[in-house]
Every structure is written in C-alpha cells, then in structure tokens.
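Take a look at the structure set out below.
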Amino acid sequence: MESGTASLSRPTVSSWAVGPPTSGAEADVMRRRCFDGVGKAFRQAGKSKAKGGDWRPAEILKQPLSKLAKKSHGSHEVEENGSVFVRLLKTSGLTLKTGENPNQLGVDQIIFQRKLFQALRKHPSYPKVIEEFVNGLESYIEDCDSLRNCLLSCERLQDEEASTGAFYSKSLIKLLLGIDILQPAIIKMLFEKVPQFLFENESSDGINMSRLIISQLKWLDRIVDSKDLTTQMMQLISVAPVNLQHDFITSLPEILGDSQHANVGRELSELLIQNTSLTVPILDVFSSLRLDPNFLSEIRQLVMGKLSSVRLEDLPVIIKFILHSVTDTTSLEVISELREKLNVQHFILPSRVQASQSKLKSKGLASSSGNQENSDKDCIVLVFDVIKSAIRYEKTISEAWIKAIEHIESAPEHKALDVAMLLIIYSTSTQTKKGIEKLLRNKIQSGCIQEQLLDSTFSTHYLVLKDICPSILLLAQTLFHSQDQRIILFGSLLYKYAFKFFDTYCQQEVVGALVTHICSGNEAEVDTALDVLLELIVLNPSAMRLNAVFIKGILDYLENMSPQQIRKIFCILSTLAFSQQPGTSNHIQDEMHLVIRKQLSSTVFKYKLIGIIGAVTMAGVMAEDRSVPSNSTQRGADLSNEWCTQVTSLLQLVHSCTEHSPWASSLYYDEFANLIQERKLAPKTLEWVGQTIFNDFQDAFVVDFCAVPEGDFPFPVKALYGLEEYSSQDGIVINLLPLFFREFAEISQVTSREPSQKSMSPLCLASHFRLLRLCVARQHNGNLDEIDGLLDCPLFLPDLEPGEKLESMSAKERSLMCSLTFLTFNWFREVVNAFCQQTSPEMKGKVLSRLKDLVELQEILEKYLAVTPDYIPPFANVDLATLDMIPWSGSAVSTKNRNKGKMGARKQKADSSKASSTEALLTEDTSECDIVPTGRSQVDKESTAKEGKTFVSLQNYRAFFRELDIEVFSILHSGLVTKFILDTEMHTEATEVVQLGPAELLFLLEDLSQKLENILTPSFAKKMCFLKSLSAGSLSVDDKPGVKAQEHLTMSSCYQKLLQIFHTFFAWKGFTHHSNHHLLHSALEVLTSRLKQTEQKQPLEELVSIYLEHTDNILKAIEEIAGVGVPELVNAPKDGSSSTFPTLTRHTFVIFFRVMMAELEKTVKGLQAGTATDSQQVREKKLLYWNMAVRDFSILINLMKVFDSYPVLHVCLKYGRHFVEAFLKQCMPLLDFSFRKHRIHQDTRLTKHVPLLKKSLELLVCRVKAMLVLNNCREAFWLGTLKNRDLQGEEIISQCPSSQESTSEDSEDSVTSHVSKNRATESSAQAGLDGEDEASDGQRDEDNDESDDSSD
C-alpha cells in the first residue's frame, strides 16, 4: 500500500496504516487515552468556530445512552441487503441509522478503525473490496439525510458501569478518513459532493453542508496525499461563492500539512492580487502558515500599497499582519511606511456631520447611519487594540515607532497619529516613559507639535485615548514640573483636551489634578493651572459646576498666592457661582460672601487686600453686561436689577471697610479701575459707579480757583502748574498741599479723626483719578471732555524749586517737599495716561506740556533726594507684590538694613523728630491694618562729587511712581502742535509751537526700556507687543550742529536708550517659539520700512569711512579689506558675501573700492615730504609707511582685473592720479635721499582722464631720470617700449605699429629729448618744488572730478 507522509505542526496520533499493535490490553488503554485527547481537541475546535455549521454542540457532547435508550433505537437500523459497506461497518462496531437518528458506535473509535482496517486487509477480494466499500458509501450518502448523519458525530453506546468520563465520538466520515487505505478515495468523493451544496442556504438547524463536508478534513492525524488535497482545496476555493471562500481559506491551516505551506502561500498571493475582497481571510491565514520572510515582505509591500483604499472593517486584520511580519532589521522601515499610509481620520465623520446625525437620531430618522457610525468607531478601537497589543509584547515595534517619529523634522510632517502613538506607548510601557517625555520635550521646543495638532489628535482618537486617561494626566503632571513655559503650556493643553473629550470621571480627575498644581506653591504651575481652569469654565461651564466643590477648597490657600492669582481664583469661583439665575440656591455664593466679609474686616492688611481683590472681582462677574433682549420677559429684567442691587451693596461694603486706610482705598480704586478697563459692566451699574466716583473725587480734591487755602503752612501756597490763565472767578484747583499738610499735622499731633468726619487722603489722588477717568471713558466711548478741566488745572503747592533755600530747610520740611513733589509727579503721570489718546490738537499740546512738567519735576526730585537720604516716598501702587519694594542702590545697601524687620521696625530706626510725613502716615496705617512689608534701606550714595553732594538715580524709586500706560507712547507721533494765544477779543495775539523735545523723548524711552526689561526678560509666558509704539512716527528732534551741548548729550542718551530698547526687544526668547515668529517678522518689516530706500548706498559708504578713519592703522585696514575680504568675496557664490566683512558683496564692492581709494589718497597727502634734515630713523619710518601705501595701491589697482566695470575704472583713474601726484610731491623728495624706485602701471581707456594721467606719468619718468643723472646713477635707468595692452596685460595686436624698431627708436629719442630739455630745470629746482601752474592744474582737475562724480 502506498502512503503519503505529512508533518503537522500540532501533536499527531499514529494511524493504523501499518497494522495493529502487537501489545494487547495495554495498547488498547494507551490508544483510548490518546484518542480521548484528540476528542478534547476536536471539542475545542468546535467551540472556537465562529459560525455554526461545522459542529453541533448538542450532538457532540451527547451523554452515554441508558439501556432503555439502546432498545428504543434498535428498530431504525439500516438493512444490509448484501452491501459490503454496511456489513463491514456493522462487523467493526458501527451501526447505521435511518432518519434523524445518529449512527451508533458500539466500540471505542480506535478499536473500530482497527477492526475495519483488518477486515478490509484480510478480505479475500482485497484490494478490490476497497472500491466496493467506497461505492457502497457513495450510494448510501446519495440520500441527504444519510449524508448528514455520516457527517455528524456518532452516538457512543457504552454501559454506565464502564463509563470513565466524558466521551466524544467522531463522525463516520471522520473515522473513515483516519484509515489510510480509504482516505484518498473518500477525499475524492467528498470534493465531488461539495459542489452540490455550494449555493444552498443553511438548513433550519443552522447546518451548512459545504462547511460541514470541509470540516471533516480538519485536523487529520495523517494526510496520505497532501499535494493532491492542496490542489483540490484551491480549486474549490476558486469556484466557491464569496461567503464560503472566506471559510474555506481560513480552514486551510487546519487541513493542510506544513509541507504545503509554501505552495498555498503562493497561490493565495495570486488570489489576493486578483480579488481584494479576500484580503482579510488570506492575511489571517498567512499569520498561521510557515512562510519565507522574503515572501512575507513582498506580501507586506503589496498590502501596504492598498492600505489607503481598504475598508475600515478590514483594517484591524491588515494591521495585525503587517505588525506580525516585522523583523528587527525591517522594523523601522515598516513602521515608518505604516505611519505614512495609515490614516484613520478620514473614516471619522466631521464634527458638523456628527452634529446633524445626532439631530436626526433625536428625531428617530438616522438609525441605520447611527449603527454604521458605531460600527466604525468599534473598528477604530479594534485597530488600536491590535497596535497596543503589538507594542506591548514586541519591544522592537515600540522602539521603531518612537524612532520613526523622532526622525521627523518639520512640523507639517507630523500627524495626529504620531501624538496618539506617543501617548499610547507612554501608557503601555513603563520602560519607555522617560524616552517619550524627552522626545515630547524636544518636539515641543522645536515647534513640531503645536496646539492645533494636539486638538486634532484628541478629536480624532478620543475613543482610544479615553482608555489611557490616567497615563495622559500623569504625563501632563510631569510636564508641569518643567522650567520651560512651552512645555508647561503643552501639559496644560493635555488637561484641557482631556476635560473636553473624555467622560465625567476623567473630568473630575482633571480638575483634581489642576487643584493639586494650584496648591503646590510653584508659581509657574499655579499660574498655568489657573489659566486652564478659566478656559475650562468657558469651554464647558455645566461640567465645571459639577466639580466646583474641589475648586472651592483653594480658598484655604490664598495667603501664599500673588494678587493676580487671587484674582483668577475669585474669577473662577464667581463665574461658577453666578452663572446660574439669581435667587438660585448656591452654596458657593454663600461661602464666597463669608470669605470676603471675613477678609475685609481683618486688621491685617494682607488679608484685607485679599478681601478687596475678591470683592471687586466678584462684583465684576456679577455686574458683567448681560444685555437683556428686547423680547425677554419682565422676569429677566427683574433678575438683572436684583444682581445690580447686590453689586452696589458689595461695593459699598468695600468702600466702608477701606475709607479709613489710604493704602486700602488706593488698592480698591486701582483694582476697580482695572476691572472697568478689562470688563464691560452693565450700563446701570456703570452709571451708578461713575456718578459716585465723580462726586467723591470732586468733593475731596477739587476746589475753586478763588478759594483761599486755610492753614498755617511753612511755605507760601500758590496755584502752580496751570496751563490756562484763570480769573479770580472761574477755574478749579487740585487742593493738594492743604489736604496733605492737614493729614500730616494731625498725625504729628497724634490726633485721630472722628468716624463721622469724611476725609480723603491725598495719597489716593492718582488712583482715584484713574478710576474716574476710566469710568468716564467707558461711558462716553473714550471721550474725556467731561473732565478735561483736570488736564490743565493747577495745584495748590509751595514753590517746589528748592534754589538756595535747600540747605537751610529742616529735615521735616525736606520730607514735606519731597512728598509733595512725588504726589505732584504721580498726578501728572496719571493725567498723561488719561489724555494721551485724545485727538484734539489743544489737548495734544497740553499733554506735551505735562510731559515737560514731568521732566522738570524729575530734576527737582533728584535735588531733594540727594540731601534727604532717609526719606521714604509715599506709596504709589499697593499690591502684595510691591509692598516690599523700596529704594535700593546696589552695593550700598547693607546686610543689616536688608535683614531688618518689616514696617513696624521703622519706629526703632528713625528718630521721631526726623521722621518724614510719609513715615507718619505709614505708621498710622500700620496701627490700623497691621501692615507688614519688608524692611527699608537707606538710599546709597552712588557717586559723591567734590562738594560732598550725593547723586541719586530715580531708577531706584520706580516702585513709588505711577505706571505709564502703553498708550502714552502714541505721543511719539504727535509731531508739531501749534498753540494760539488769544487776546481779550479772541484774536490771535501770538503763536507757540509745542513739540516733543529731547528731554521728553528720553523720559519716554527710559520708561519704555524699563517696561521691556520687566515684561520680556523674566518670563516667556508674559507676552506683550510694543511694536506699534516702536514704529510710531518719526522722532521729530532737531540734531543739527547748532544744538546746544546739553541737548546734544540728551540726544546721545536717547540714541543709546533706543539701541538698548531694540536689543531688549529682539533678544526676547519668545521669538524662538513658533507661535511668535510672525511677531518677529512684523518687527523686522517695520524696521526695514523705515529705511530710506533712496539713500541705501550712502549710509554704507559713511560706515566704511568711519571705520577706516577710526582704525589704529588705516593702511593695514585697507590691506585687510582688499587682501582678505575681496578674495573671500571672489570665492563666494554669486549672491554671497565676504565672511570677514558681511556687507562686502558684488553690489557693494564699488562703495568699498571708492572709500578705500579716497582714504588712501587722503592718507598719503597728509604725509610730510622728505627733507635733507630728516634723520635716518625718520627717513626709514617714512619709507616703510610709503611702502605700505604703495602696496595697498598696487593691490587696489590689480582688483580691476576682476572687477572691470565702468564705476571701478572711473574711481581708479580719478584717485590713482591723485595718488601719483602725491607720490611726486611727498615721496620723490624722500627717494632723492634714499635711492628708491617705484613702477607705475597705466591704462588708457577713458579718454577724459588720459591726458592728465599721461602728463603726471611723464613728469614722473623725467623726474626719476633727472634724479639719477644728478646722482651719477644714470645706468640704473632703463625705459622700454610702450605697448598698448588690455587690463589683463595682454598686448592689443590690432594697435601694434608696423615697424617696432622705428617706433622704439622714436619713443626712446622722444623721451631722451624730453629728459634733456627738462634736466636743467629739475636739477636747479632740486626735489620737492611745485610750480604754480601745476597747482592750478590740480585745482582744475579737482573741479573736473567733482563734476564727474555728480554726473555719475
């Protein structure tokens, strides 16, 4: 008997093809155990089958029948009727049944196979009996029910006493296929049967006959002819319908042996190319076959090419095959290609389509589309499950994916998939966390991963990312600890998008993490976390209200936070508390009211400050303009009025708690002013606030011009700094001195005001006015005509100019004058802030006048502060961040002073008799509010003059100045403002031109420079664009030679400060971030637009001239440019430049050449001619200098060979002649004593200059020959034939004379004759004599040259 061999990858059981075993009962036991194991494998295969039809669980797991059952089935046996098939089966132990009754197996399966095998082998007609047996089987299974019974498992008959556990019986066909001599014929018969059922539907019991027939071929212990079986299977697959093709293909690894895997792989690959619908089952089979790696690589490339066009439901299997086919050597290449081709984003519906689908779902009109959408989402999740599984168990894949993303350089090449994969890898592998964090930092800093990309990542892959929410929050927490603000910002975006796209649980975790950052104490973390919470409130207020209880706990940590952070916290809580309708029960509102009242009533100024900030912020949220629509109900208007009432009550409470403390009042006014500037309040609230502030300011600070100040003042009181001429009947005055002196006197006498007395401290003047003008501007759209009288009104003051009385003043008087000067200075700064943007020419002129007053007051302050070293100015800005800011002066501040106690230590240091008025005021506040700023220090003596006076820099007192708004710098383009002075009949009596002077310009530039340093230098997060201020208008300052020395010095300081501003601005590190590149480009565009294009060459020429004039050795500088810079230019690309001199290009070479020739000629003209009295040392020094000059001249002349343009030739001829003339006049007398010689090259191209140059050269030749003859050295003189040559030194053949000899003789005779003719004259004149004719000729030449230049 011929038998094929097959090697299976699974454990196999030996068949009975070679005869029965020789052992007895022991062999039977072993066989039974072995087949029981095979039975279990079949049961597992049946359970794992996705589609029912191969196995029937109810029949596979049949329990042994009882004796009664055996009797009942006996009547349905199939009659033999002389059939060898039926007889041999019954003899071997299997009884065929009719109808739906299963065939009965009376013995063990292995015993049945052995008996049947022996019966066939020992049959007299063997091997013909096999054909008869198969024909009988074929005849029997022509009936469908019989075929069905033969394909289903048999019923095992066994006594209950002999039962040893669960039994599994194979089908009759399966048992027969286990006998080698029957297998080929039965396989052939089965494949002939299958086509009958290919296009039939499943029966009522769910059995598909085609699948059931093919299932008989699975897991055979031995395949006799595996090649033939493979051929028949592939033929069947080619003709089967699509639904059966999938099942037949996926069954191949369970049917075929390992030896046929390569052949099957090749045929399936061809089928894959022909029919793309079979991609999924074929790739699934490839994962189970043993195939050559090169073959798998080809298949992978084929599949990768179709990746962008496959169906979404096929994608998981395809991705699985690609990832499983990766090797260590190909991992990076495969992952990089997969990253490029894989794009699940186009499978997801856009947001607008999803919104429309959701609307249809709500109406019950989009059930089918909704199911499709859910199916797509499941497929996407399945795709990433495959990827996560691969990177979790294959380290090579995760590393390759990281490297593939790391190798991407440009930002546009990055995809949402890249960010999603980094987050997934971060969550799946603990070993790669550090590497992922480092890679993300690098990508963020280089600008490759931007906010838009992160948004796209979460919106596309939120279904996948929500499962790794804890890992995302952990990554965000780690990034928050970075020092780079860009990385912190990325961490904040992770929190933001996690809250936006994930479920309620994740949102709660996000809020909890942000609250943890806020309470950490790290300033950068706190600021960023608060900003995120503010964004989340706008993004999803309803979800934030659910987590308000977590945010409310931050109120316990306010003590350690900055004012700006406190504002943000109260803004967050107020928005959550008052986003609901008024009257709604809200525990956050109640708790906030309690906290604010408690803080406002505190005697500790720090807590009172927190209460003021919280109250004003909450009032701003409550009073925000929520315009009621015209069609709204009356109830909506009533609710708005209710909130307005609450706001006014709250503000009145704040006012009553702060009115007795100038510090608290000033903070309240500034805080409220900032609120009005940033928010749009409800008109009704704004009207009430504006009217209240206007009345309070007018009652407290403004008096009539005719009012006489009452009080015993140490100095005469005048109405100073008025810009208008007032009569005694009209006009207003700021009542500064009387108010300040009254408060100073009361404190000095240790008296206290009664609570019923209302008095406003002059220390609040500037802050109160700021609030007033912002209210008026908000109410009248920026128009300040209602309060324009405050711009030009005077102040009741003593004469602030100290003059000679400064030395005679007492310490108290000096302190009083200093305080008044500071208050006046800050008043004018706020006035300039208020009116700087008014468009009226009259107001513009008055603002410029106030700037002049500020400059004047600065000078007065410096004089007072120089003689009042212990003086502490009145506060200007009250804030937790500025309470400890007092004058300091570098090294002069002693450690002892720095370490002193807070404000309470002032009494111990300063004597009461020398205490300033400000100190008295601050002491009064300390007793009320327990203020605890840091200790003060004396102003240092920075530089002491010979007279012993101290110079004081006002930069040390900036903390006591009111801040200038950025809008003030619009004054830079005010230009000239004409002021008309009218007489009594309103006729123009005189005109006065007001403009921004150098001192005022310096004042503004110094303030701008300080702003830039404070804002741009410390932190990346603080971004502010001052570009408009820098680019505003021309600075109309006259800087002509007639300007006075002081103005010249001031202008020099202006230029220096302007350069410092540009340096600070362009050195901002924020420009390195991608989001700020457009700001840098805008700044550079503004600067370039300011350059005068018509004078581009002139500045460079002046720059090179200045460089050469101020260099240590001009000749060496020229040689460096010509000998180093020019060769670098020649070797550079066409549009390149010199590396040593970047401004030296092919376009600017003419400028450099002209300047170098001019400076060389100018330098040699300045040398003294050699005389007979010069010493040898002097003579050698002059010769060395001339040697360098001639070398430079030679280098410059030779440059014409490379740069032979017309302008270069013109410069060479012009300045070359001047150089030769200078050589004749200055150097030749020197050579008369030193016997030196020099050779001059000439060129004759421009005929205009040729005669003059030729004359100079002939004089040179004659002069040299006369000198040699005079010194008996005529043999040293030789003159060759002059030939016409081009610039490269090549002789011009066309201009050669016909007879060179005659020409040479004529030339020599002519020269000799000319030398003889002039010999007597030259010898009598000696060296260095210049005729008047030559001088006049030279003058004419200069005139001609100038005309040439103008024509050029």
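Residues are referred to by chain and number: the chain letter is A, B, ... according to the order shown in the structure tokens, the number counts from 1 in that chain, and ligands are numbered separately from 1 in the order shown.
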
Residue contacts of range 766-777 of chain A (7 Å, only C-alpha atoms) excluding same-chain residues fewer than 3 positions away, as a list of chain:residue names: A:Ser666, A:Tyr669, A:Asp670, A:Phe672, A:Ala673, A:Ile676, A:Gln677, A:Gly690, A:Ile693, A:Phe694, A:Phe697, A:His780, A:Asn781, A:Gly782, A:Asn783, A:Leu784, A:Asn826, A:Trp827, A:Glu830, A:Ala834

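The residue set within 10 Å of Ile335 in chain A, counting only C-alpha atoms and dropping same-chain residues fewer than 4 places from it, reads A:Ile322, A:Leu323, A:Val326, A:Thr330, A:Ser331, A:Arg339, A:Glu340, A:Lys341, A:Ile397, A:Ser398, A:Glu399, A:Ala400, A:Trp401, A:Ile402, A:Lys403, A:Ala404, A:Ile405.
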
Polymer residues at most 9 Å from Leu1268 in chain A, only C-alpha atoms, same-chain spacing of 5 or more positions, as number ranges by chain: A: 1232, 1235, 1263, 1273-1277

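Relative to CA of Leu272 in chain A, CA of Asp314 in chain A is found at 13.6 Å.
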
Within 12 Å of Ala262 in chain A using only C-alpha atoms, minus same-chain residues under 6 positions, as a ChimeraX atom specification: /A:227,230,253,256,268-269,286,288-296

Quick one: residues within 12 Å of Lys1162 in chain A, only C-alpha atoms counted, chain neighbours fewer than 3 positions away excluded, as a PDB file with N, CA and C atoms, in the first residue's frame?
ATOM      1  N   SER A1105      33.763 104.611   5.782  1.00  0.00           N
ATOM      2  CA  SER A1105      34.670 105.748   6.025  1.00  0.00           C
ATOM      3  C   SER A1105      34.950 105.915   7.510  1.00  0.00           C
ATOM      4  N   LEU A1108      37.362 103.200   8.674  1.00  0.00           N
ATOM      5  CA  LEU A1108      38.763 103.425   8.287  1.00  0.00           C
ATOM      6  C   LEU A1108      39.362 104.624   9.028  1.00  0.00           C
ATOM      7  N   GLU A1109      38.558 105.655   9.259  1.00  0.00           N
ATOM      8  CA  GLU A1109      39.084 106.835   9.938  1.00  0.00           C
ATOM      9  C   GLU A1109      39.442 106.553  11.387  1.00  0.00           C
ATOM     10  N   ILE A1114      45.238 102.797   9.255  1.00  0.00           N
ATOM     11  CA  ILE A1114      44.335 102.807   8.100  1.00  0.00           C
ATOM     12  C   ILE A1114      44.882 101.977   6.951  1.00  0.00           C
ATOM     13  N   LEU A1115      46.226 101.977   6.785  1.00  0.00           N
ATOM     14  CA  LEU A1115      46.820 101.214   5.680  1.00  0.00           C
ATOM     15  C   LEU A1115      46.641  99.710   5.915  1.00  0.00           C
ATOM     16  N   VAL A1155      35.773 104.134  -1.296  1.00  0.00           N
ATOM     17  CA  VAL A1155      36.186 104.627   0.023  1.00  0.00           C
ATOM     18  C   VAL A1155      37.653 104.305   0.288  1.00  0.00           C
ATOM     19  N   MET A1156      38.084 103.107  -0.073  1.00  0.00           N
ATOM     20  CA  MET A1156      39.491 102.738   0.180  1.00  0.00           C
ATOM     21  C   MET A1156      40.440 103.608  -0.645  1.00  0.00           C
ATOM     22  N   MET A1157      40.121 103.847  -1.922  1.00  0.00           N
ATOM     23  CA  MET A1157      40.991 104.704  -2.752  1.00  0.00           C
ATOM     24  C   MET A1157      41.013 106.125  -2.213  1.00  0.00           C
ATOM     25  N   ALA A1158      39.827 106.631  -1.803  1.00  0.00           N
ATOM     26  CA  ALA A1158      39.774 108.002  -1.284  1.00  0.00           C
ATOM     27  C   ALA A1158      40.557 108.129   0.013  1.00  0.00           C
ATOM     28  N   GLU A1159      40.390 107.156   0.923  1.00  0.00           N
ATOM     29  CA  GLU A1159      41.086 107.226   2.202  1.00  0.00           C
ATOM     30  C   GLU A1159      42.593 107.031   2.021  1.00  0.00           C
ATOM     31  N   LYS A1165      48.420 112.083   1.234  1.00  0.00           N
ATOM     32  CA  LYS A1165      48.543 113.532   1.122  1.00  0.00           C
ATOM     33  C   LYS A1165      48.914 114.168   2.442  1.00  0.00           C
ATOM     34  N   GLY A1166      48.529 113.536   3.524  1.00  0.00           N
ATOM     35  CA  GLY A1166      48.816 114.090   4.832  1.00  0.00           C
ATOM     36  C   GLY A1166      50.235 113.851   5.308  1.00  0.00           C
ATOM     37  N   LEU A1167      51.003 113.032   4.563  1.00  0.00           N
ATOM     38  CA  LEU A1167      52.390 112.767   4.964  1.00  0.00           C
ATOM     39  C   LEU A1167      53.282 113.951   4.580  1.00  0.00           C
ATOM     40  N   ALA A1189      51.763 102.008   1.692  1.00  0.00           N
ATOM     41  CA  ALA A1189      50.793 102.723   0.858  1.00  0.00           C
ATOM     42  C   ALA A1189      50.865 102.262  -0.586  1.00  0.00           C
ATOM     43  N   TYR A1215      41.256 108.627  -8.476  1.00  0.00           N
ATOM     44  CA  TYR A1215      42.084 108.635  -7.274  1.00  0.00           C
ATOM     45  C   TYR A1215      43.503 108.132  -7.543  1.00  0.00           C
ATOM     46  N   GLY A1216      43.658 107.337  -8.635  1.00  0.00           N
ATOM     47  CA  GLY A1216      45.009 106.912  -8.992  1.00  0.00           C
ATOM     48  C   GLY A1216      45.883 108.096  -9.375  1.00  0.00           C
ATOM     49  N   HIS A1218      45.499 111.166  -8.325  1.00  0.00           N
ATOM     50  CA  HIS A1218      45.793 111.900  -7.098  1.00  0.00           C
ATOM     51  C   HIS A1218      46.903 111.230  -6.295  1.00  0.00           C
ATOM     52  N   PHE A1219      46.878 109.909  -6.306  1.00  0.00           N
ATOM     53  CA  PHE A1219      47.916 109.187  -5.568  1.00  0.00           C
ATOM     54  C   PHE A1219      49.285 109.412  -6.211  1.00  0.00           C
ATOM     55  N   GLU A1221      50.220 111.964  -8.016  1.00  0.00           N
ATOM     56  CA  GLU A1221      50.648 113.336  -7.736  1.00  0.00           C
ATOM     57  C   GLU A1221      51.178 113.469  -6.311  1.00  0.00           C
ATOM     58  N   ALA A1222      50.519 112.815  -5.385  1.00  0.00           N
ATOM     59  CA  ALA A1222      51.011 112.855  -4.007  1.00  0.00           C
ATOM     60  C   ALA A1222      52.361 112.171  -3.901  1.00  0.00           C
ATOM     61  N   PHE A1223      52.542 111.107  -4.671  1.00  0.00           N
ATOM     62  CA  PHE A1223      53.830 110.424  -4.657  1.00  0.00           C
ATOM     63  C   PHE A1223      54.931 111.354  -5.185  1.00  0.00           C
TER      64      PHE A1223
END

Distance in Å - CA of Pro281 in chain A versus CA of Ile249 in chain A: 6.3 Å

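Across A:Gly845, A:Pro716, A:Pro1127, A:Gly975, the tightest approach to Pro798 in chain A is made by A:Pro716 when counting only C-alpha atoms.
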
Selected residue, from A:Lys1182, A:His1147, A:Pro1099, A:Cys1212, that lies nearest to Met1228 in chain A when counting only C-alpha atoms: A:Lys1182

Residue neighbourhood Phe1003 in chain A, 9 Å, only C-alpha atoms, exclusion window fewer than 6 positions, as a ChimeraX atom specification: /A:851,854-855,1054

Residues flagged alpha helix (DSSP H) by DSSP in range 1055-1254 of chain A, as JSON, numbers by chain: {"A": [1055, 1056, 1057, 1058, 1059, 1060, 1061, 1062, 1063, 1064, 1065, 1066, 1077, 1078, 1079, 1080, 1081, 1082, 1083, 1084, 1085, 1086, 1087, 1088, 1089, 1090, 1097, 1098, 1099, 1100, 1101, 1102, 1103, 1104, 1105, 1106, 1107, 1108, 1109, 1114, 1115, 1116, 1117, 1118, 1119, 1120, 1126, 1127, 1128, 1129, 1130, 1131, 1149, 1150, 1151, 1152, 1153, 1154, 1155, 1156, 1157, 1158, 1159, 1160, 1161, 1162, 1163, 1164, 1165, 1176, 1177, 1178, 1179, 1180, 1181, 1182, 1183, 1184, 1185, 1186, 1187, 1188, 1189, 1190, 1191, 1192, 1193, 1194, 1195, 1196, 1197, 1198, 1206, 1207, 1208, 1209, 1210, 1211, 1212, 1213, 1214, 1215, 1216, 1217, 1218, 1219, 1220, 1221, 1222, 1228, 1229, 1230, 1231, 1232, 1233, 1234, 1250, 1251, 1252, 1253, 1254]}

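When only C-alpha atoms are used to measure the gap to Lys415 in chain A, the shortest distance among A:Thr432, A:Thr457, A:Ser974, A:Ser446 belongs to A:Thr457.
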